[in-house]
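*Asks:* Just passing along the structure, written as structure tokens.
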Amino acid sequence: MKNITGLRAMPKKQLFALIVCSAALAGTGALAGVMPPPADAEQQSATAQGNVEEAAVRRVLEQFHTTKVPLGQAMAIAERLHDGSRTADISFEISGPPVYRVRTIKNERVFENVIDANTGSISQAEIASSLKELDRADLANIIALKWIKQELSDAVRVAEKAAAGNALAGGLMKQDGKLNFVVVIASGDRLKEVMLEPPKVGQRSVQH
């Protein structure tokens, strides 16, 4: 892994893009209205939304800390389903029983599997699709992954050591025009985001 480009508390908007917590967020959609709400109503709405998000984060952490299957093991389980596949992204979800949702790629196929975070068993039917069915952003990230020698599992190990915690989500993402592995770490009662820049093709990997 080339270097760590960032280590910080996880921004809430990015967190909820990575971790599905639909049960905790149910019923919090914005109310439609013809007239804009008064300023104090907007402030109250923002405060309420912040409280909901904080509660959701606590719930995610509480459930994650009690699970028996680490994220790295879940990736290995998914990759063994298709010999030679690579993990593109993975996230911890608590919309029902705690699970990991893992997407792996092999050749021109993408496989999505849901793995029980306590037993390591496959808990839902696999969803297989072709690269042509992905949206532009997903397709760009997966194509980029083909040109990177490092695996997401390598990034996870480095991130867990750097942030002194356990990973609960990760993937290759484009931020500020650069491709980085982004890993979400549960460290105590906080979530941290670790960004790692993979070496470009032809560069030697520097281990941390």
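Residue names in the structure tokens use chain letters A, B, ... in the order shown, residue numbers from 1 in each chain, and ligand numbers from 1 in the order shown.
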Within 10 Å of Ile105 in chain A, counting only C-alpha atoms, which residues qualify if same-chain residues fewer than 4 places away don't, as a PDB file with N, CA, C and O atoms, in the first residue's frame?

*Replies:*
ATOM      1  N   GLU A  79     -15.274 -14.377  -1.694  1.00  0.00           N
ATOM      2  CA  GLU A  79     -14.341 -14.632  -2.790  1.00  0.00           C
ATOM      3  C   GLU A  79     -14.213 -16.119  -3.084  1.00  0.00           C
ATOM      4  O   GLU A  79     -13.957 -16.520  -4.227  1.00  0.00           O
ATOM      5  N   HIS A  82     -16.488 -17.782  -5.868  1.00  0.00           N
ATOM      6  CA  HIS A  82     -16.092 -17.719  -7.277  1.00  0.00           C
ATOM      7  C   HIS A  82     -14.576 -17.622  -7.308  1.00  0.00           C
ATOM      8  O   HIS A  82     -14.005 -16.551  -7.092  1.00  0.00           O
ATOM      9  N   GLY A  84     -10.932 -16.979  -7.825  1.00  0.00           N
ATOM     10  CA  GLY A  84     -10.258 -15.944  -8.595  1.00  0.00           C
ATOM     11  C   GLY A  84     -10.952 -14.591  -8.580  1.00  0.00           C
ATOM     12  O   GLY A  84     -10.480 -13.645  -9.207  1.00  0.00           O
ATOM     13  N   SER A  85     -12.067 -14.482  -7.862  1.00  0.00           N
ATOM     14  CA  SER A  85     -12.774 -13.197  -7.793  1.00  0.00           C
ATOM     15  C   SER A  85     -12.090 -12.260  -6.800  1.00  0.00           C
ATOM     16  O   SER A  85     -11.303 -12.691  -5.958  1.00  0.00           O
ATOM     17  N   ARG A  86     -12.408 -10.970  -6.917  1.00  0.00           N
ATOM     18  CA  ARG A  86     -11.856  -9.949  -6.018  1.00  0.00           C
ATOM     19  C   ARG A  86     -12.997  -9.138  -5.429  1.00  0.00           C
ATOM     20  O   ARG A  86     -13.992  -8.867  -6.106  1.00  0.00           O
ATOM     21  N   THR A  87     -12.831  -8.729  -4.183  1.00  0.00           N
ATOM     22  CA  THR A  87     -13.858  -7.906  -3.545  1.00  0.00           C
ATOM     23  C   THR A  87     -13.767  -6.470  -4.041  1.00  0.00           C
ATOM     24  O   THR A  87     -12.708  -5.846  -3.987  1.00  0.00           O
ATOM     25  N   ALA A  88     -14.895  -5.946  -4.528  1.00  0.00           N
ATOM     26  CA  ALA A  88     -14.960  -4.554  -4.984  1.00  0.00           C
ATOM     27  C   ALA A  88     -15.375  -3.630  -3.845  1.00  0.00           C
ATOM     28  O   ALA A  88     -14.819  -2.548  -3.670  1.00  0.00           O
ATOM     29  N   ASP A  89     -16.373  -4.061  -3.048  1.00  0.00           N
ATOM     30  CA  ASP A  89     -16.778  -3.278  -1.889  1.00  0.00           C
ATOM     31  C   ASP A  89     -17.564  -4.161  -0.932  1.00  0.00           C
ATOM     32  O   ASP A  89     -18.079  -5.214  -1.316  1.00  0.00           O
ATOM     33  N   ARG A 109     -18.157 -10.144 -14.781  1.00  0.00           N
ATOM     34  CA  ARG A 109     -19.324 -10.410 -13.951  1.00  0.00           C
ATOM     35  C   ARG A 109     -19.151  -9.822 -12.559  1.00  0.00           C
ATOM     36  O   ARG A 109     -18.048  -9.780 -12.003  1.00  0.00           O
ATOM     37  N   VAL A 110     -20.267  -9.343 -11.995  1.00  0.00           N
ATOM     38  CA  VAL A 110     -20.298  -8.820 -10.629  1.00  0.00           C
ATOM     39  C   VAL A 110     -21.247  -9.691  -9.818  1.00  0.00           C
ATOM     40  O   VAL A 110     -22.373  -9.962 -10.248  1.00  0.00           O
ATOM     41  N   PHE A 111     -20.789 -10.137  -8.642  1.00  0.00           N
ATOM     42  CA  PHE A 111     -21.597 -10.998  -7.791  1.00  0.00           C
ATOM     43  C   PHE A 111     -21.825 -10.310  -6.444  1.00  0.00           C
ATOM     44  O   PHE A 111     -20.877  -9.845  -5.814  1.00  0.00           O
ATOM     45  N   GLU A 112     -23.088 -10.237  -6.050  1.00  0.00           N
ATOM     46  CA  GLU A 112     -23.416  -9.634  -4.758  1.00  0.00           C
ATOM     47  C   GLU A 112     -23.944 -10.718  -3.823  1.00  0.00           C
ATOM     48  O   GLU A 112     -24.892 -11.433  -4.158  1.00  0.00           O
ATOM     49  N   ALA A 128     -26.260 -11.856  -9.501  1.00  0.00           N
ATOM     50  CA  ALA A 128     -25.178 -11.764 -10.480  1.00  0.00           C
ATOM     51  C   ALA A 128     -25.593 -10.808 -11.595  1.00  0.00           C
ATOM     52  O   ALA A 128     -26.745 -10.787 -12.017  1.00  0.00           O
ATOM     53  N   SER A 129     -24.639 -10.013 -12.041  1.00  0.00           N
ATOM     54  CA  SER A 129     -24.921  -9.068 -13.119  1.00  0.00           C
ATOM     55  C   SER A 129     -23.654  -8.854 -13.941  1.00  0.00           C
ATOM     56  O   SER A 129     -22.562  -9.265 -13.544  1.00  0.00           O
ATOM     57  N   SER A 130     -23.814  -8.220 -15.078  1.00  0.00           N
ATOM     58  CA  SER A 130     -22.652  -7.913 -15.922  1.00  0.00           C
ATOM     59  C   SER A 130     -22.218  -6.475 -15.675  1.00  0.00           C
ATOM     60  O   SER A 130     -22.983  -5.653 -15.148  1.00  0.00           O
ATOM     61  N   LEU A 131     -20.997  -6.168 -16.063  1.00  0.00           N
ATOM     62  CA  LEU A 131     -20.493  -4.805 -15.887  1.00  0.00           C
ATOM     63  C   LEU A 131     -21.365  -3.796 -16.638  1.00  0.00           C
ATOM     64  O   LEU A 131     -21.497  -2.647 -16.216  1.00  0.00           O
ATOM     65  N   ILE A 142     -14.843  -0.149 -10.664  1.00  0.00           N
ATOM     66  CA  ILE A 142     -14.509  -1.559 -10.870  1.00  0.00           C
ATOM     67  C   ILE A 142     -13.467  -1.715 -11.979  1.00  0.00           C
ATOM     68  O   ILE A 142     -12.561  -2.545 -11.880  1.00  0.00           O
ATOM     69  N   LEU A 145     -10.233  -0.963 -10.442  1.00  0.00           N
ATOM     70  CA  LEU A 145      -9.762  -2.038  -9.580  1.00  0.00           C
ATOM     71  C   LEU A 145      -8.959  -3.069 -10.370  1.00  0.00           C
ATOM     72  O   LEU A 145      -8.015  -3.676  -9.845  1.00  0.00           O
ATOM     73  N   LYS A 146      -9.316  -3.255 -11.631  1.00  0.00           N
ATOM     74  CA  LYS A 146      -8.605  -4.229 -12.461  1.00  0.00           C
ATOM     75  C   LYS A 146      -7.138  -3.865 -12.649  1.00  0.00           C
ATOM     76  O   LYS A 146      -6.298  -4.740 -12.901  1.00  0.00           O
TER      77      LYS A 146
END

*Asks:* I'd like the neighbourhood of Phe64 in chain A as a list in words, where a residue qualifies if any of its atoms comes within 8 Å (using only C-alpha atoms), though same-chain residues fewer than 4 positions away should be ignored.

*Replies:*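 Here the answer would be Val60, Phe92, Pro98 and Leu168 of chain A.
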
*Asks:* Any chance you can output those residues with all heavy atoms as a PDB file, in the first residue's frame?

*Replies:*
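Saved as selection31.pdb:
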ATOM      1  N   VAL A  60     -25.537   0.976  15.116  1.00  0.00           N
ATOM      2  CA  VAL A  60     -24.614   0.246  14.251  1.00  0.00           C
ATOM      3  C   VAL A  60     -23.438  -0.287  15.064  1.00  0.00           C
ATOM      4  O   VAL A  60     -23.067  -1.463  14.971  1.00  0.00           O
ATOM      5  CB  VAL A  60     -24.103   1.146  13.103  1.00  0.00           C
ATOM      6  CG1 VAL A  60     -22.915   0.502  12.401  1.00  0.00           C
ATOM      7  CG2 VAL A  60     -25.211   1.411  12.101  1.00  0.00           C
ATOM      8  N   PHE A  92     -21.324  -3.289   6.236  1.00  0.00           N
ATOM      9  CA  PHE A  92     -22.042  -3.910   7.337  1.00  0.00           C
ATOM     10  C   PHE A  92     -23.431  -3.302   7.398  1.00  0.00           C
ATOM     11  O   PHE A  92     -23.573  -2.082   7.338  1.00  0.00           O
ATOM     12  CB  PHE A  92     -21.291  -3.646   8.647  1.00  0.00           C
ATOM     13  CG  PHE A  92     -21.966  -4.194   9.880  1.00  0.00           C
ATOM     14  CD1 PHE A  92     -22.009  -5.556  10.124  1.00  0.00           C
ATOM     15  CD2 PHE A  92     -22.537  -3.334  10.805  1.00  0.00           C
ATOM     16  CE1 PHE A  92     -22.617  -6.056  11.268  1.00  0.00           C
ATOM     17  CE2 PHE A  92     -23.134  -3.819  11.950  1.00  0.00           C
ATOM     18  CZ  PHE A  92     -23.186  -5.183  12.187  1.00  0.00           C
ATOM     19  N   PRO A  98     -27.782  -8.608  11.576  1.00  0.00           N
ATOM     20  CA  PRO A  98     -26.542  -8.016  11.070  1.00  0.00           C
ATOM     21  C   PRO A  98     -25.885  -8.876   9.997  1.00  0.00           C
ATOM     22  O   PRO A  98     -25.713 -10.088  10.178  1.00  0.00           O
ATOM     23  CB  PRO A  98     -25.663  -7.882  12.310  1.00  0.00           C
ATOM     24  CG  PRO A  98     -26.260  -8.804  13.322  1.00  0.00           C
ATOM     25  CD  PRO A  98     -27.711  -8.865  13.026  1.00  0.00           C
ATOM     26  N   LEU A 168     -15.699  -2.083   9.201  1.00  0.00           N
ATOM     27  CA  LEU A 168     -17.073  -2.506   8.963  1.00  0.00           C
ATOM     28  C   LEU A 168     -17.583  -2.109   7.588  1.00  0.00           C
ATOM     29  O   LEU A 168     -18.718  -2.428   7.236  1.00  0.00           O
ATOM     30  CB  LEU A 168     -18.010  -2.000  10.059  1.00  0.00           C
ATOM     31  CG  LEU A 168     -18.427  -0.535  10.104  1.00  0.00           C
ATOM     32  CD1 LEU A 168     -19.594  -0.390  11.078  1.00  0.00           C
ATOM     33  CD2 LEU A 168     -17.314   0.376  10.522  1.00  0.00           C
TER      34      LEU A 168
END

*Asks:* So which residues touch range 184-187 of chain A within 9 Å, counting only C-alpha atoms, skipping near sequence neighbours fewer than 6 positions away, as a ChimeraX atom specification?

*Replies:* /A:10,15,18,61,64-65,91,156,159-160,163-170,193-195

*Asks:* For those residues, write N, CA, C and O atoms to a file as a PDB file, in the first residue's frame.

*Replies:*
ATOM      1  N   MET A  10     -15.548   9.689  10.617  1.00  0.00           N
ATOM      2  CA  MET A  10     -16.328   9.467   9.402  1.00  0.00           C
ATOM      3  C   MET A  10     -17.450  10.488   9.259  1.00  0.00           C
ATOM      4  O   MET A  10     -18.274  10.619  10.154  1.00  0.00           O
ATOM      5  N   LEU A  15     -20.953   8.090   5.714  1.00  0.00           N
ATOM      6  CA  LEU A  15     -21.241   6.889   6.495  1.00  0.00           C
ATOM      7  C   LEU A  15     -22.501   6.218   6.000  1.00  0.00           C
ATOM      8  O   LEU A  15     -22.520   5.010   5.755  1.00  0.00           O
ATOM      9  N   LEU A  18     -22.329   4.266   2.908  1.00  0.00           N
ATOM     10  CA  LEU A  18     -21.610   3.000   3.003  1.00  0.00           C
ATOM     11  C   LEU A  18     -22.338   1.970   3.839  1.00  0.00           C
ATOM     12  O   LEU A  18     -22.263   0.780   3.587  1.00  0.00           O
ATOM     13  N   LEU A  61     -22.847   0.587  15.868  1.00  0.00           N
ATOM     14  CA  LEU A  61     -21.681   0.190  16.658  1.00  0.00           C
ATOM     15  C   LEU A  61     -22.023  -0.881  17.678  1.00  0.00           C
ATOM     16  O   LEU A  61     -21.263  -1.833  17.877  1.00  0.00           O
ATOM     17  N   PHE A  64     -22.425  -4.088  15.769  1.00  0.00           N
ATOM     18  CA  PHE A  64     -21.166  -4.517  15.166  1.00  0.00           C
ATOM     19  C   PHE A  64     -20.226  -5.118  16.205  1.00  0.00           C
ATOM     20  O   PHE A  64     -19.557  -6.122  15.945  1.00  0.00           O
ATOM     21  N   HIS A  65     -20.165  -4.507  17.384  1.00  0.00           N
ATOM     22  CA  HIS A  65     -19.245  -4.988  18.420  1.00  0.00           C
ATOM     23  C   HIS A  65     -19.632  -6.360  18.963  1.00  0.00           C
ATOM     24  O   HIS A  65     -18.824  -7.014  19.627  1.00  0.00           O
ATOM     25  N   SER A  91     -20.019  -3.808   2.940  1.00  0.00           N
ATOM     26  CA  SER A  91     -20.577  -2.937   3.982  1.00  0.00           C
ATOM     27  C   SER A  91     -21.326  -3.773   5.013  1.00  0.00           C
ATOM     28  O   SER A  91     -21.875  -4.832   4.699  1.00  0.00           O
ATOM     29  N   VAL A 156      -7.733  -3.010   4.164  1.00  0.00           N
ATOM     30  CA  VAL A 156      -8.422  -3.198   5.443  1.00  0.00           C
ATOM     31  C   VAL A 156      -7.419  -3.448   6.564  1.00  0.00           C
ATOM     32  O   VAL A 156      -7.522  -2.866   7.648  1.00  0.00           O
ATOM     33  N   ALA A 159      -5.653  -0.198   7.378  1.00  0.00           N
ATOM     34  CA  ALA A 159      -6.565   0.758   8.009  1.00  0.00           C
ATOM     35  C   ALA A 159      -6.871   0.369   9.449  1.00  0.00           C
ATOM     36  O   ALA A 159      -6.934   1.227  10.336  1.00  0.00           O
ATOM     37  N   GLU A 160      -7.080  -0.918   9.691  1.00  0.00           N
ATOM     38  CA  GLU A 160      -7.392  -1.360  11.052  1.00  0.00           C
ATOM     39  C   GLU A 160      -6.222  -1.071  11.997  1.00  0.00           C
ATOM     40  O   GLU A 160      -6.427  -0.666  13.141  1.00  0.00           O
ATOM     41  N   ALA A 163      -6.016   2.896  12.516  1.00  0.00           N
ATOM     42  CA  ALA A 163      -7.101   3.497  13.300  1.00  0.00           C
ATOM     43  C   ALA A 163      -7.386   2.748  14.593  1.00  0.00           C
ATOM     44  O   ALA A 163      -8.287   3.136  15.338  1.00  0.00           O
ATOM     45  N   ALA A 164      -6.631   1.681  14.848  1.00  0.00           N
ATOM     46  CA  ALA A 164      -6.789   0.910  16.084  1.00  0.00           C
ATOM     47  C   ALA A 164      -8.235   0.473  16.287  1.00  0.00           C
ATOM     48  O   ALA A 164      -8.870   0.790  17.288  1.00  0.00           O
ATOM     49  N   GLY A 165      -8.765  -0.233  15.291  1.00  0.00           N
ATOM     50  CA  GLY A 165     -10.138  -0.704  15.392  1.00  0.00           C
ATOM     51  C   GLY A 165     -10.416  -1.799  14.393  1.00  0.00           C
ATOM     52  O   GLY A 165      -9.487  -2.398  13.836  1.00  0.00           O
ATOM     53  N   ASN A 166     -11.691  -2.063  14.155  1.00  0.00           N
ATOM     54  CA  ASN A 166     -12.114  -3.109  13.231  1.00  0.00           C
ATOM     55  C   ASN A 166     -12.936  -2.522  12.098  1.00  0.00           C
ATOM     56  O   ASN A 166     -13.803  -1.679  12.328  1.00  0.00           O
ATOM     57  N   ALA A 167     -12.674  -2.988  10.878  1.00  0.00           N
ATOM     58  CA  ALA A 167     -13.357  -2.455   9.702  1.00  0.00           C
ATOM     59  C   ALA A 167     -14.789  -2.962   9.620  1.00  0.00           C
ATOM     60  O   ALA A 167     -15.069  -4.116   9.939  1.00  0.00           O
ATOM     61  N   LEU A 168     -15.699  -2.083   9.201  1.00  0.00           N
ATOM     62  CA  LEU A 168     -17.073  -2.506   8.963  1.00  0.00           C
ATOM     63  C   LEU A 168     -17.583  -2.109   7.588  1.00  0.00           C
ATOM     64  O   LEU A 168     -18.718  -2.428   7.236  1.00  0.00           O
ATOM     65  N   ALA A 169     -16.761  -1.465   6.777  1.00  0.00           N
ATOM     66  CA  ALA A 169     -17.131  -1.162   5.389  1.00  0.00           C
ATOM     67  C   ALA A 169     -15.880  -0.729   4.648  1.00  0.00           C
ATOM     68  O   ALA A 169     -14.915  -0.242   5.248  1.00  0.00           O
ATOM     69  N   GLY A 170     -15.909  -0.895   3.330  1.00  0.00           N
ATOM     70  CA  GLY A 170     -14.767  -0.450   2.542  1.00  0.00           C
ATOM     71  C   GLY A 170     -14.994  -0.647   1.063  1.00  0.00           C
ATOM     72  O   GLY A 170     -15.862  -1.421   0.642  1.00  0.00           O
ATOM     73  N   GLU A 193     -12.809   7.165   9.237  1.00  0.00           N
ATOM     74  CA  GLU A 193     -12.602   6.894   7.821  1.00  0.00           C
ATOM     75  C   GLU A 193     -11.103   6.915   7.542  1.00  0.00           C
ATOM     76  O   GLU A 193     -10.398   7.850   7.919  1.00  0.00           O
ATOM     77  N   VAL A 194     -10.619   5.866   6.894  1.00  0.00           N
ATOM     78  CA  VAL A 194      -9.213   5.808   6.497  1.00  0.00           C
ATOM     79  C   VAL A 194      -9.158   5.726   4.981  1.00  0.00           C
ATOM     80  O   VAL A 194      -9.796   4.869   4.374  1.00  0.00           O
ATOM     81  N   MET A 195      -8.417   6.634   4.369  1.00  0.00           N
ATOM     82  CA  MET A 195      -8.224   6.611   2.919  1.00  0.00           C
ATOM     83  C   MET A 195      -6.797   6.185   2.626  1.00  0.00           C
ATOM     84  O   MET A 195      -5.851   6.716   3.204  1.00  0.00           O
TER      85      MET A 195
END

*Asks:* Enumerate, as a PyMOL selection string, the complete set of residues in range 88-188 of chain A that a backbone-based DSSP assignment places in strand (DSSP E or B).

*Replies:* chain A and resi 88-93+99-106+109-116+122+127-130+166-175+178-187

*Asks:* Can you measure CA of Val183 in chain A to CA of Thr66 in chain A for me? One decimal in Å is fine.

*Replies:*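 CA of Thr66 in chain A lies 19.7 Å from CA of Val183 in chain A.
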
*Asks:* What are the DSSP helix (DSSP H, G or I) residues of range 35-138 of chain A, as a ChimeraX atom specification?

*Replies:* /A:39-66,71-80,131-133,136-138

*Asks:* Smallest atom-to-atom distance to Thr67 in chain A: which of A:Asn51, A:Gln150, A:Asn118, A:Ser123, using only C-alpha atoms?

*Replies:*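 Result for the nearest residue to Thr67 in chain A: A:Asn118.
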